[in-house]
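Chemist: Sharing a structure with you now.
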Amino acid sequence: MLAVLPAFGVVPAFADTLEAALTQTYINNPTLNAQRALVRATDENVPQALAGYRPRVSITATGGQVSSSTITKVTTTTPSTYATLSGYNSPVSVGATVTQTLFNGFQTANRTRQAEAQVLAARESLRSTEQSTLLNAVTAYMNLLRDTAILDLQRRNVEVLQEQLRQTRDRFNVGEVTRTDVAQSESSLAGGRSSVLTAESNYKTSVAVYRQVIGVDPGKLAAASPVDRYSPTSLASAISTGSAIHPSITGAQFNIDTALHAVKVAEGALYPTVGVQGNFTKNYLSSQSLTTMESYNASVLGTLTIPVYQGGSEYSLIRQAKETLGQRRIEMDTAREQVRQSVVQSWGQLEAAKGNIEATQAQVSSSEIALNGVREEARVGQRTTLDVLNAQQALVNARVSLVSAQRDRVVASYALLSSVGRLSAEVLGLRAPAYNPKVHYEQVRDSWAGVRTPDGR
């Protein structure tokens with residue numbers, strides 16, 4: 001199995017590894033943790049939907065002071081006699097109301113199924129985010145590993161060019177070469193120093209991206225290997241696997257379920273609604289009569305509401321929900337084609353990366369032989385200084401190409417794993433506690449009351 005960049009730096013005993021970087025990413029990456037929080041928030045849609053099955057209870061209480069005065073005509077004879085009753089009263093009333101929906105056109109059942117489909121779709125979105133985040137971490141790790149090796153190569157090239165310039169100047173001083181040879185060496189050295197500055201800029205950028213994606217500052221990075229053992233062995237198998245388990249496709253399937261239940265919820269508005277309501281009120285004194293000391297009222301009433309016409313909005317909502325359902329089905333077809341295209345592209349890139357490794361290794365070997373030969377020929381006057389400089393630059397370019405090819409080989413293997421939907425902490429065997437979204441869902445699904453989240457907030 002290919003180990004990337006073993007020839008361009010010694011790996012310390014406690015070097016950072018790609019597996020450790022992926023573990024850090026799985027635990028600390030803010031984008032991934034934000035998506036997990038979104039899934040937990042989506043879980044709450046289910047108990048909200050289930051609340052439609054449960055009674056609604058409210059308690060009311062009133063109290064205060066009332067001033068009342070009543071004049072009553074006692075006799076009808078002339079002159080009339082009147083009686084006056086006046087005074088202050090402090091009435092208190094306590095009551096409770098219980099409302100239970102018995103039938104609402106199956107809206108509660110369909111809202112519950114819709115919420116459950118939303119939860120499953122959110123979990124697939126989390127899988128997709130996990131895949132893209134881990135692939136970004138692999139890319140950031142390998143880019144930094146590549147740029148570190150290239151910077152080392154460019155610095156070594158400058159050292160070689162400095163020695164070449166020194167030797168050329170010595171030969172110029174004894175008349176073996178011309179001033180043109182010295183100028184060519186100086187020009188190559190200046191170009192080498194410019195390449196070092198560019199390599200340093202790329203290295204610093206890769207360090208910043210590494211810190212952003214993985215969440216920690218990089219140490220001395222160890223070599224990494226491809227993960228071909230986790231991928232399908234043929235293109236047809238890869239396409240079949242991706243079409244079956246890729247989160248973009250499974251998530252689209254759950255989005256179709258969500259839209260289908262949304263249609264049924266909208267249609268439920270056309271059905272009658274049946275409910276029952278119980279009321280109890282206890283009054284002490286009265287705000288209407290100074291002579292009433294105590295009273296109570298209790299009732300249990302059933303209600304039947306039959307919608308006849310509500311301005312046509314309910315029909316528009318049904319049509320709108322059906323169009324959304326059609327959109328989700330089209331998105332399903334789009335997701336299938338996108339996954340297939342991604343699998344084919346990743347497979348091709350991986351095959352190209354494998355072939356490129358062999359080609360660049362041969363290029364490096366040939367460039368080393370050519371440089372040694374040109375140097376020997378230059379010593380006996382059969383080659384010019386420019387020939388030596390060109391051979392040196394060709395070797396540097398070949399080594400840079402090899403480093404880049406090794407990076408592409410590893411990244412392409414992870415990209416293929418992602419395109420078939422298998423790039424996950426479980427498949428890679430990361431030493432990190434696996435995040436299981438079902439745990440939070442089971443904790444909140446049947447919750448009847450409480451404002452604290454399962455983690456204590």
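Residue numbering restarts at 1 for every chain of the structure tokens, chains are lettered A, B, ... in their displayed order, and ligands are numbered from 1 as they appear.
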Would you please extract all helix (DSSP H, G or I) residues from stretch 144-379 of chain A, as assigned by DSSP on the backbone, and give them as a PyMOL selection string?

Modeler: chain A and resi 144-173+179-214+228-230+235-245+247-270+313-379

Chemist: Skipping near chain neighbours, those fewer than 6 positions away, what residues fall within 12 Å of A:Arg329 using only C-alpha atoms, listed as a tab-separated table (two decimals) with C-alpha atoms, in the first residue's frame?

Modeler:
chain	number	residue	atom	x	y	z
A	249	ILE	CA	-30.41	9.67	-2.34
A	251	GLY	CA	-32.32	11.87	2.17
A	252	ALA	CA	-34.28	12.63	-1.02
A	253	GLN	CA	-36.44	9.57	-0.36
A	254	PHE	CA	-37.33	10.84	3.11
A	255	ASN	CA	-38.05	14.30	1.68
A	256	ILE	CA	-40.59	12.65	-0.62
A	257	ASP	CA	-42.22	11.02	2.41
A	258	THR	CA	-42.32	14.38	4.16
A	259	ALA	CA	-44.00	16.05	1.18
A	260	LEU	CA	-46.48	13.17	0.81
A	322	LYS	CA	-48.96	18.35	-4.40
A	323	GLU	CA	-46.65	20.51	-6.51
A	335	ALA	CA	-29.79	13.13	-6.73
A	336	ARG	CA	-29.42	9.72	-8.40

Chemist: Compile the contact shell of A:Arg56 as an mmCIF file with C-alpha atoms, in the first residue's frame: residues with an atom at most 9 Å away, counting only C-alpha atoms, same-chain residues fewer than 4 positions apart removed.

Modeler:
data_model
loop_
_atom_site.group_PDB
_atom_site.id
_atom_site.type_symbol
_atom_site.label_atom_id
_atom_site.label_comp_id
_atom_site.auth_asym_id
_atom_site.auth_seq_id
_atom_site.Cartn_x
_atom_site.Cartn_y
_atom_site.Cartn_z
ATOM 1 C CA ALA A 51 -49.124 16.933 21.206
ATOM 2 C CA THR A 97 -60.849 23.838 31.233
ATOM 3 C CA VAL A 98 -59.886 20.550 29.599
ATOM 4 C CA THR A 99 -60.043 20.233 25.785
ATOM 5 C CA GLN A 100 -59.477 17.025 23.873
ATOM 6 C CA THR A 101 -59.535 16.643 20.101
#

Chemist: Skip stretch 356-373 of chain A itself and residues of its chain fewer than 5 positions away, then list as a PDB file with all heavy atoms, in the first residue's frame all residues within 10 Å of it, counting only C-alpha atoms.

Modeler:
ATOM      1  N   LEU A   2       0.454   2.253  -0.726  1.00  0.00           N
ATOM      2  CA  LEU A   2       1.254   3.456  -0.907  1.00  0.00           C
ATOM      3  C   LEU A   2       1.324   4.257   0.382  1.00  0.00           C
ATOM      4  O   LEU A   2       0.328   4.505   1.033  1.00  0.00           O
ATOM      5  CB  LEU A   2       0.623   4.322  -2.007  1.00  0.00           C
ATOM      6  CG  LEU A   2       1.249   5.690  -2.239  1.00  0.00           C
ATOM      7  CD1 LEU A   2       2.625   5.512  -2.834  1.00  0.00           C
ATOM      8  CD2 LEU A   2       0.362   6.526  -3.151  1.00  0.00           C
ATOM      9  N   LEU A 350      -9.272   8.366  -9.427  1.00  0.00           N
ATOM     10  CA  LEU A 350      -8.454   7.419  -8.692  1.00  0.00           C
ATOM     11  C   LEU A 350      -7.582   6.600  -9.637  1.00  0.00           C
ATOM     12  O   LEU A 350      -6.380   6.389  -9.371  1.00  0.00           O
ATOM     13  CB  LEU A 350      -9.346   6.496  -7.849  1.00  0.00           C
ATOM     14  CG  LEU A 350      -8.621   5.432  -7.015  1.00  0.00           C
ATOM     15  CD1 LEU A 350      -7.638   6.084  -6.046  1.00  0.00           C
ATOM     16  CD2 LEU A 350      -9.620   4.563  -6.272  1.00  0.00           C
ATOM     17  N   GLU A 351      -8.160   6.131 -10.729  1.00  0.00           N
ATOM     18  CA  GLU A 351      -7.373   5.368 -11.697  1.00  0.00           C
ATOM     19  C   GLU A 351      -6.263   6.226 -12.296  1.00  0.00           C
ATOM     20  O   GLU A 351      -5.129   5.757 -12.492  1.00  0.00           O
ATOM     21  CB  GLU A 351      -8.297   4.843 -12.810  1.00  0.00           C
ATOM     22  CG  GLU A 351      -9.288   3.788 -12.350  1.00  0.00           C
ATOM     23  CD  GLU A 351      -8.592   2.544 -11.825  1.00  0.00           C
ATOM     24  OE1 GLU A 351      -7.698   2.019 -12.504  1.00  0.00           O
ATOM     25  OE2 GLU A 351      -8.941   2.098 -10.705  1.00  0.00           O
ATOM     26  N   ALA A 378      29.453  17.987 -18.118  1.00  0.00           N
ATOM     27  CA  ALA A 378      29.838  19.397 -17.988  1.00  0.00           C
ATOM     28  C   ALA A 378      31.258  19.529 -17.463  1.00  0.00           C
ATOM     29  O   ALA A 378      31.975  20.484 -17.800  1.00  0.00           O
ATOM     30  CB  ALA A 378      28.856  20.115 -17.070  1.00  0.00           C
ATOM     31  N   ARG A 383      29.038  19.631 -21.874  1.00  0.00           N
ATOM     32  CA  ARG A 383      27.762  20.259 -21.561  1.00  0.00           C
ATOM     33  C   ARG A 383      28.009  21.653 -21.012  1.00  0.00           C
ATOM     34  O   ARG A 383      29.036  21.922 -20.389  1.00  0.00           O
ATOM     35  CB  ARG A 383      26.974  19.446 -20.527  1.00  0.00           C
ATOM     36  CG  ARG A 383      26.493  18.106 -21.039  1.00  0.00           C
ATOM     37  CD  ARG A 383      25.262  18.266 -21.906  1.00  0.00           C
ATOM     38  NE  ARG A 383      24.708  16.964 -22.283  1.00  0.00           N
ATOM     39  CZ  ARG A 383      23.521  16.797 -22.868  1.00  0.00           C
ATOM     40  NH1 ARG A 383      22.795  17.853 -23.169  1.00  0.00           N
ATOM     41  NH2 ARG A 383      23.111  15.597 -23.191  1.00  0.00           N
ATOM     42  N   ASP A 387      22.797  23.647 -19.451  1.00  0.00           N
ATOM     43  CA  ASP A 387      22.323  22.258 -19.489  1.00  0.00           C
ATOM     44  C   ASP A 387      22.203  21.688 -18.087  1.00  0.00           C
ATOM     45  O   ASP A 387      21.239  20.973 -17.766  1.00  0.00           O
ATOM     46  CB  ASP A 387      23.288  21.408 -20.323  1.00  0.00           C
ATOM     47  CG  ASP A 387      23.272  21.783 -21.791  1.00  0.00           C
ATOM     48  OD1 ASP A 387      22.214  22.240 -22.269  1.00  0.00           O
ATOM     49  OD2 ASP A 387      24.311  21.627 -22.458  1.00  0.00           O
ATOM     50  N   VAL A 388      23.186  21.998 -17.236  1.00  0.00           N
ATOM     51  CA  VAL A 388      23.150  21.511 -15.856  1.00  0.00           C
ATOM     52  C   VAL A 388      21.964  22.123 -15.115  1.00  0.00           C
ATOM     53  O   VAL A 388      21.233  21.428 -14.390  1.00  0.00           O
ATOM     54  CB  VAL A 388      24.458  21.827 -15.129  1.00  0.00           C
ATOM     55  CG1 VAL A 388      24.368  21.401 -13.654  1.00  0.00           C
ATOM     56  CG2 VAL A 388      25.629  21.142 -15.808  1.00  0.00           C
ATOM     57  N   LEU A 389      21.767  23.434 -15.290  1.00  0.00           N
ATOM     58  CA  LEU A 389      20.663  24.119 -14.598  1.00  0.00           C
ATOM     59  C   LEU A 389      19.313  23.591 -15.064  1.00  0.00           C
ATOM     60  O   LEU A 389      18.394  23.398 -14.262  1.00  0.00           O
ATOM     61  CB  LEU A 389      20.754  25.627 -14.842  1.00  0.00           C
ATOM     62  CG  LEU A 389      21.982  26.332 -14.234  1.00  0.00           C
ATOM     63  CD1 LEU A 389      22.032  27.784 -14.679  1.00  0.00           C
ATOM     64  CD2 LEU A 389      21.976  26.224 -12.719  1.00  0.00           C
ATOM     65  N   ASN A 390      19.192  23.347 -16.348  1.00  0.00           N
ATOM     66  CA  ASN A 390      17.927  22.798 -16.869  1.00  0.00           C
ATOM     67  C   ASN A 390      17.663  21.400 -16.319  1.00  0.00           C
ATOM     68  O   ASN A 390      16.522  21.045 -15.986  1.00  0.00           O
ATOM     69  CB  ASN A 390      17.974  22.766 -18.398  1.00  0.00           C
ATOM     70  CG  ASN A 390      17.877  24.156 -19.008  1.00  0.00           C
ATOM     71  OD1 ASN A 390      17.415  25.092 -18.354  1.00  0.00           O
ATOM     72  ND2 ASN A 390      18.317  24.295 -20.250  1.00  0.00           N
ATOM     73  N   ALA A 391      18.710  20.582 -16.231  1.00  0.00           N
ATOM     74  CA  ALA A 391      18.552  19.236 -15.698  1.00  0.00           C
ATOM     75  C   ALA A 391      18.181  19.285 -14.216  1.00  0.00           C
ATOM     76  O   ALA A 391      17.360  18.484 -13.739  1.00  0.00           O
ATOM     77  CB  ALA A 391      19.838  18.433 -15.899  1.00  0.00           C
ATOM     78  N   GLN A 392      18.783  20.234 -13.491  1.00  0.00           N
ATOM     79  CA  GLN A 392      18.462  20.393 -12.071  1.00  0.00           C
ATOM     80  C   GLN A 392      17.001  20.807 -11.895  1.00  0.00           C
ATOM     81  O   GLN A 392      16.275  20.271 -11.048  1.00  0.00           O
ATOM     82  CB  GLN A 392      19.380  21.442 -11.445  1.00  0.00           C
ATOM     83  CG  GLN A 392      19.020  21.846 -10.016  1.00  0.00           C
ATOM     84  CD  GLN A 392      19.146  20.705  -9.026  1.00  0.00           C
ATOM     85  OE1 GLN A 392      19.932  19.790  -9.254  1.00  0.00           O
ATOM     86  NE2 GLN A 392      18.390  20.758  -7.955  1.00  0.00           N
ATOM     87  N   GLN A 393      16.548  21.760 -12.726  1.00  0.00           N
ATOM     88  CA  GLN A 393      15.165  22.207 -12.635  1.00  0.00           C
ATOM     89  C   GLN A 393      14.193  21.103 -13.026  1.00  0.00           C
ATOM     90  O   GLN A 393      13.127  20.952 -12.431  1.00  0.00           O
ATOM     91  CB  GLN A 393      14.952  23.427 -13.533  1.00  0.00           C
ATOM     92  CG  GLN A 393      13.584  24.086 -13.372  1.00  0.00           C
ATOM     93  CD  GLN A 393      13.356  24.589 -11.956  1.00  0.00           C
ATOM     94  OE1 GLN A 393      14.210  25.244 -11.362  1.00  0.00           O
ATOM     95  NE2 GLN A 393      12.196  24.247 -11.392  1.00  0.00           N
ATOM     96  N   ALA A 394      14.571  20.304 -14.017  1.00  0.00           N
ATOM     97  CA  ALA A 394      13.718  19.185 -14.429  1.00  0.00           C
ATOM     98  C   ALA A 394      13.562  18.183 -13.298  1.00  0.00           C
ATOM     99  O   ALA A 394      12.473  17.624 -13.080  1.00  0.00           O
ATOM    100  CB  ALA A 394      14.310  18.512 -15.671  1.00  0.00           C
ATOM    101  N   LEU A 395      14.646  17.940 -12.547  1.00  0.00           N
ATOM    102  CA  LEU A 395      14.562  17.014 -11.419  1.00  0.00           C
ATOM    103  C   LEU A 395      13.661  17.571 -10.322  1.00  0.00           C
ATOM    104  O   LEU A 395      12.839  16.840  -9.753  1.00  0.00           O
ATOM    105  CB  LEU A 395      15.960  16.740 -10.872  1.00  0.00           C
ATOM    106  CG  LEU A 395      16.018  15.853  -9.612  1.00  0.00           C
ATOM    107  CD1 LEU A 395      15.378  14.492  -9.892  1.00  0.00           C
ATOM    108  CD2 LEU A 395      17.460  15.696  -9.141  1.00  0.00           C
ATOM    109  N   VAL A 396      13.789  18.865 -10.039  1.00  0.00           N
ATOM    110  CA  VAL A 396      12.937  19.477  -9.016  1.00  0.00           C
ATOM    111  C   VAL A 396      11.472  19.393  -9.428  1.00  0.00           C
ATOM    112  O   VAL A 396      10.597  19.039  -8.627  1.00  0.00           O
ATOM    113  CB  VAL A 396      13.352  20.947  -8.773  1.00  0.00           C
ATOM    114  CG1 VAL A 396      12.341  21.645  -7.858  1.00  0.00           C
ATOM    115  CG2 VAL A 396      14.740  21.015  -8.169  1.00  0.00           C
ATOM    116  N   ASN A 397      11.208  19.711 -10.680  1.00  0.00           N
ATOM    117  CA  ASN A 397       9.828  19.645 -11.168  1.00  0.00           C
ATOM    118  C   ASN A 397       9.279  18.224 -11.086  1.00  0.00           C
ATOM    119  O   ASN A 397       8.106  18.008 -10.754  1.00  0.00           O
ATOM    120  CB  ASN A 397       9.761  20.148 -12.603  1.00  0.00           C
ATOM    121  CG  ASN A 397      10.050  21.633 -12.719  1.00  0.00           C
ATOM    122  OD1 ASN A 397       9.963  22.370 -11.736  1.00  0.00           O
ATOM    123  ND2 ASN A 397      10.415  22.084 -13.915  1.00  0.00           N
ATOM    124  N   ALA A 398      10.111  17.250 -11.388  1.00  0.00           N
ATOM    125  CA  ALA A 398       9.670  15.854 -11.328  1.00  0.00           C
ATOM    126  C   ALA A 398       9.352  15.455  -9.893  1.00  0.00           C
ATOM    127  O   ALA A 398       8.363  14.756  -9.635  1.00  0.00           O
ATOM    128  CB  ALA A 398      10.747  14.942 -11.910  1.00  0.00           C
ATOM    129  N   ARG A 399      10.199  15.883  -8.965  1.00  0.00           N
ATOM    130  CA  ARG A 399       9.946  15.546  -7.557  1.00  0.00           C
ATOM    131  C   ARG A 399       8.688  16.242  -7.048  1.00  0.00           C
ATOM    132  O   ARG A 399       7.913  15.658  -6.269  1.00  0.00           O
ATOM    133  CB  ARG A 399      11.154  15.930  -6.719  1.00  0.00           C
ATOM    134  CG  ARG A 399      12.345  14.977  -6.903  1.00  0.00           C
ATOM    135  CD  ARG A 399      13.566  15.442  -6.156  1.00  0.00           C
ATOM    136  NE  ARG A 399      14.640  14.444  -6.210  1.00  0.00           N
ATOM    137  CZ  ARG A 399      15.883  14.664  -5.784  1.00  0.00           C
ATOM    138  NH1 ARG A 399      16.219  15.851  -5.281  1.00  0.00           N
ATOM    139  NH2 ARG A 399      16.785  13.704  -5.858  1.00  0.00           N
ATOM    140  N   VAL A 400       8.466  17.484  -7.446  1.00  0.00           N
ATOM    141  CA  VAL A 400       7.237  18.184  -7.063  1.00  0.00           C
ATOM    142  C   VAL A 400       6.019  17.467  -7.640  1.00  0.00           C
ATOM    143  O   VAL A 400       4.998  17.296  -6.968  1.00  0.00           O
ATOM    144  CB  VAL A 400       7.284  19.653  -7.537  1.00  0.00           C
ATOM    145  CG1 VAL A 400       5.917  20.315  -7.377  1.00  0.00           C
ATOM    146  CG2 VAL A 400       8.331  20.434  -6.751  1.00  0.00           C
ATOM    147  N   SER A 401       6.127  17.014  -8.883  1.00  0.00           N
ATOM    148  CA  SER A 401       5.022  16.271  -9.506  1.00  0.00           C
ATOM    149  C   SER A 401       4.754  14.969  -8.762  1.00  0.00           C
ATOM    150  O   SER A 401       3.593  14.569  -8.588  1.00  0.00           O
ATOM    151  CB  SER A 401       5.353  15.977 -10.972  1.00  0.00           C
ATOM    152  OG  SER A 401       5.473  17.175 -11.707  1.00  0.00           O
ATOM    153  N   LEU A 402       5.814  14.304  -8.307  1.00  0.00           N
ATOM    154  CA  LEU A 402       5.631  13.062  -7.561  1.00  0.00           C
ATOM    155  C   LEU A 402       4.926  13.319  -6.234  1.00  0.00           C
ATOM    156  O   LEU A 402       4.012  12.581  -5.847  1.00  0.00           O
ATOM    157  CB  LEU A 402       6.985  12.394  -7.312  1.00  0.00           C
ATOM    158  CG  LEU A 402       6.961  11.112  -6.462  1.00  0.00           C
ATOM    159  CD1 LEU A 402       6.060  10.066  -7.106  1.00  0.00           C
ATOM    160  CD2 LEU A 402       8.367  10.576  -6.257  1.00  0.00           C
ATOM    161  N   VAL A 403       5.343  14.374  -5.547  1.00  0.00           N
ATOM    162  CA  VAL A 403       4.687  14.721  -4.280  1.00  0.00           C
ATOM    163  C   VAL A 403       3.202  15.011  -4.505  1.00  0.00           C
ATOM    164  O   VAL A 403       2.334  14.548  -3.760  1.00  0.00           O
ATOM    165  CB  VAL A 403       5.394  15.934  -3.633  1.00  0.00           C
ATOM    166  CG1 VAL A 403       4.571  16.475  -2.472  1.00  0.00           C
ATOM    167  CG2 VAL A 403       6.783  15.553  -3.159  1.00  0.00           C
ATOM    168  N   SER A 404       2.903  15.778  -5.550  1.00  0.00           N
ATOM    169  CA  SER A 404       1.507  16.103  -5.849  1.00  0.00           C
ATOM    170  C   SER A 404       0.724  14.852  -6.241  1.00  0.00           C
ATOM    171  O   SER A 404      -0.442  14.685  -5.860  1.00  0.00           O
ATOM    172  CB  SER A 404       1.443  17.135  -6.977  1.00  0.00           C
ATOM    173  OG  SER A 404       2.073  18.349  -6.588  1.00  0.00           O
ATOM    174  N   ALA A 405       1.368  13.958  -6.991  1.00  0.00           N
ATOM    175  CA  ALA A 405       0.696  12.724  -7.394  1.00  0.00           C
ATOM    176  C   ALA A 405       0.389  11.841  -6.185  1.00  0.00           C
ATOM    177  O   ALA A 405      -0.668  11.205  -6.109  1.00  0.00           O
ATOM    178  CB  ALA A 405       1.553  11.963  -8.400  1.00  0.00           C
ATOM    179  N   GLN A 406       1.312  11.782  -5.242  1.00  0.00           N
ATOM    180  CA  GLN A 406       1.079  10.998  -4.027  1.00  0.00           C
ATOM    181  C   GLN A 406      -0.077  11.586  -3.224  1.00  0.00           C
ATOM    182  O   GLN A 406      -0.913  10.850  -2.684  1.00  0.00           O
ATOM    183  CB  GLN A 406       2.356  10.968  -3.197  1.00  0.00           C
ATOM    184  CG  GLN A 406       3.464  10.143  -3.817  1.00  0.00           C
ATOM    185  CD  GLN A 406       4.768  10.286  -3.067  1.00  0.00           C
ATOM    186  OE1 GLN A 406       5.069  11.338  -2.499  1.00  0.00           O
ATOM    187  NE2 GLN A 406       5.570   9.229  -3.052  1.00  0.00           N
ATOM    188  N   ARG A 407      -0.131  12.898  -3.162  1.00  0.00           N
ATOM    189  CA  ARG A 407      -1.259  13.558  -2.478  1.00  0.00           C
ATOM    190  C   ARG A 407      -2.567  13.235  -3.180  1.00  0.00           C
ATOM    191  O   ARG A 407      -3.567  12.873  -2.554  1.00  0.00           O
ATOM    192  CB  ARG A 407      -1.012  15.059  -2.435  1.00  0.00           C
ATOM    193  CG  ARG A 407      -2.186  15.885  -1.893  1.00  0.00           C
ATOM    194  CD  ARG A 407      -3.039  16.421  -3.022  1.00  0.00           C
ATOM    195  NE  ARG A 407      -4.155  17.214  -2.537  1.00  0.00           N
ATOM    196  CZ  ARG A 407      -5.260  17.460  -3.224  1.00  0.00           C
ATOM    197  NH1 ARG A 407      -5.404  16.944  -4.447  1.00  0.00           N
ATOM    198  NH2 ARG A 407      -6.224  18.197  -2.726  1.00  0.00           N
ATOM    199  N   ASP A 408      -2.580  13.342  -4.509  1.00  0.00           N
ATOM    200  CA  ASP A 408      -3.802  13.077  -5.278  1.00  0.00           C
ATOM    201  C   ASP A 408      -4.257  11.625  -5.117  1.00  0.00           C
ATOM    202  O   ASP A 408      -5.457  11.350  -5.091  1.00  0.00           O
ATOM    203  CB  ASP A 408      -3.562  13.377  -6.758  1.00  0.00           C
ATOM    204  CG  ASP A 408      -3.304  14.860  -7.012  1.00  0.00           C
ATOM    205  OD1 ASP A 408      -3.632  15.677  -6.143  1.00  0.00           O
ATOM    206  OD2 ASP A 408      -2.759  15.186  -8.090  1.00  0.00           O
ATOM    207  N   ARG A 409      -3.315  10.724  -4.994  1.00  0.00           N
ATOM    208  CA  ARG A 409      -3.648   9.297  -4.854  1.00  0.00           C
ATOM    209  C   ARG A 409      -4.447   9.050  -3.584  1.00  0.00           C
ATOM    210  O   ARG A 409      -5.465   8.330  -3.599  1.00  0.00           O
ATOM    211  CB  ARG A 409      -2.348   8.484  -4.842  1.00  0.00           C
ATOM    212  CG  ARG A 409      -2.519   7.008  -4.512  1.00  0.00           C
ATOM    213  CD  ARG A 409      -3.151   6.256  -5.662  1.00  0.00           C
ATOM    214  NE  ARG A 409      -3.175   4.824  -5.386  1.00  0.00           N
ATOM    215  CZ  ARG A 409      -4.144   4.211  -4.718  1.00  0.00           C
ATOM    216  NH1 ARG A 409      -5.184   4.901  -4.274  1.00  0.00           N
ATOM    217  NH2 ARG A 409      -4.094   2.913  -4.508  1.00  0.00           N
TER     218      ARG A 409
END

Chemist: Extract, using only C-alpha atoms, all DNA, RNA and protein residues at most 8 Å from A:Asp147, discarding same-chain residues fewer than 4 positions from it, and format them as a ChimeraX atom specification.

Modeler: /A:143,151,199,202-203,206

Chemist: Any chance you could tabulate, as a Markdown table, the residues of stretch 189-267 of chain A at most 10 Å from stretch 17-22 of chain A with each one's nearest atom pair and distance in Å to one decimal, using only C-alpha atoms, in chain and rising number order?

Modeler:
| residue | atom | partner | partner_atom | distance |
| --- | --- | --- | --- | --- |
| A:Tyr210 | CA | A:Ala21 | CA | 9.2 |
| A:Val213 | CA | A:Ala21 | CA | 9.6 |
| A:Ile214 | CA | A:Ala21 | CA | 6.3 |
| A:Gly215 | CA | A:Ala21 | CA | 9.0 |
| A:Val216 | CA | A:Ala21 | CA | 8.6 |
| A:Pro218 | CA | A:Ala21 | CA | 8.9 |
| A:Gly219 | CA | A:Thr17 | CA | 9.4 |
| A:Lys220 | CA | A:Thr17 | CA | 8.7 |
| A:Leu221 | CA | A:Thr17 | CA | 6.0 |
| A:Ala222 | CA | A:Thr17 | CA | 5.2 |
| A:Ala223 | CA | A:Thr17 | CA | 7.2 |
| A:Ala224 | CA | A:Leu18 | CA | 6.2 |
| A:Ser225 | CA | A:Leu18 | CA | 8.7 |

Chemist: Which residues are near A:Pro272? Cut-off 12 Å, only C-alpha atoms, ignore same chain within fewer than 6 positions. Put them as a ChimeraX atom specification.

Modeler: /A:101-107,303-308

Chemist: Hey, what does DSSP flag as strand (DSSP E or B) within stretch 33-202 of chain A? Can you give it to me as an MDAnalysis selection string?

Modeler: chainID A and resid 56:63 66:73 82:89 92:103

Chemist: Env of stretch 31-45 of chain A: 10 Å cut, atoms = only C-alpha atoms, seq-sep filter 5 positions within chain, self excluded. Answer as a short mmCIF file (atom, residue, chain, number, x, y, z; two decimals) with C-alpha atoms, in the first residue's frame.

Modeler:
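New file part-v6.cif:
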data_model
loop_
_atom_site.label_atom_id
_atom_site.label_comp_id
_atom_site.auth_asym_id
_atom_site.auth_seq_id
_atom_site.Cartn_x
_atom_site.Cartn_y
_atom_site.Cartn_z
CA THR A 25 -12.34 16.66 13.05
CA TYR A 26 -15.13 14.24 13.95
CA LEU A 50 -47.74 14.10 19.05
CA ARG A 111 -48.22 15.46 11.08
CA THR A 112 -46.51 12.85 13.27
CA GLN A 114 -44.32 13.93 8.51
CA ALA A 115 -42.19 14.89 11.51
CA GLU A 116 -40.67 11.41 11.67
CA GLN A 118 -38.17 15.04 8.65
CA VAL A 119 -36.05 13.48 11.39
CA LEU A 120 -34.86 10.72 9.08
CA ALA A 121 -34.06 13.26 6.35
CA ALA A 122 -32.11 15.36 8.84
CA ARG A 123 -30.06 12.31 9.82
CA GLU A 124 -29.17 11.76 6.17
CA SER A 125 -28.15 15.40 5.89
CA LEU A 126 -25.93 14.81 8.91
CA ARG A 127 -24.35 11.81 7.15
CA SER A 128 -23.72 13.98 4.11
CA THR A 129 -22.15 16.71 6.24
CA GLU A 130 -20.01 14.14 8.03
CA GLN A 131 -18.76 12.82 4.69
CA SER A 132 -17.93 16.25 3.29
CA THR A 133 -16.27 17.33 6.54
CA LEU A 134 -14.09 14.24 6.75
CA VAL A 213 -11.14 22.25 9.38
CA TYR A 435 -22.42 10.14 17.59
CA ASN A 436 -25.77 8.35 17.53
CA PRO A 437 -28.68 10.70 16.70
CA LYS A 438 -31.20 8.07 17.83
CA VAL A 439 -30.21 8.60 21.47
CA HIS A 440 -31.52 12.18 21.63
CA TYR A 441 -34.59 11.25 19.59
CA GLU A 442 -35.62 8.55 22.07
CA GLN A 443 -35.01 10.94 24.96
CA VAL A 444 -37.41 13.61 23.67
CA ARG A 445 -39.96 11.73 21.57
CA SER A 447 -41.66 13.87 26.57
CA THR A 453 -32.65 19.57 27.05
#

Chemist: Of the residues A:Ser234, A:Thr205, A:Asn279, A:Asp446, which is the one nearest to A:Leu144, using only C-alpha atoms?

Modeler: A:Thr205

Chemist: Given the choices A:Val265, A:Ala117, A:Leu285, A:Ala244, which gets closest to A:Gly64 if the distance is worked out from only C-alpha atoms?

Modeler: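 The closest residue to A:Gly64 is A:Leu285.
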
Chemist: Have a look at A:Val174, A:Leu189, A:Ala298, A:Leu417 and name the one nearest to A:Asn283; count only C-alpha atoms.

Modeler: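 Residue with the minimum atom-to-atom distance to A:Asn283: A:Ala298.
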
Chemist: With only C-alpha atoms as the basis for distance, which of A:Thr72, A:Val343, A:Ser313, A:Asn28 is at the shortest distance from A:Ala432?

Modeler: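 For A:Ala432, the nearest of the candidates is A:Asn28.
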
Chemist: Between A:Pro55, A:Thr75, A:Val138, A:Leu386, which one has atoms that come closest to A:Val227, using only C-alpha atoms?

Modeler: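 That would be A:Val138, the residue with the smallest distance to A:Val227.
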
Chemist: Restricting the calculation to only C-alpha atoms, which member of A:Gln154, A:Ser231, A:Ser289, A:Thr250 is positioned closest to A:Asn89?

Modeler: A:Ser289
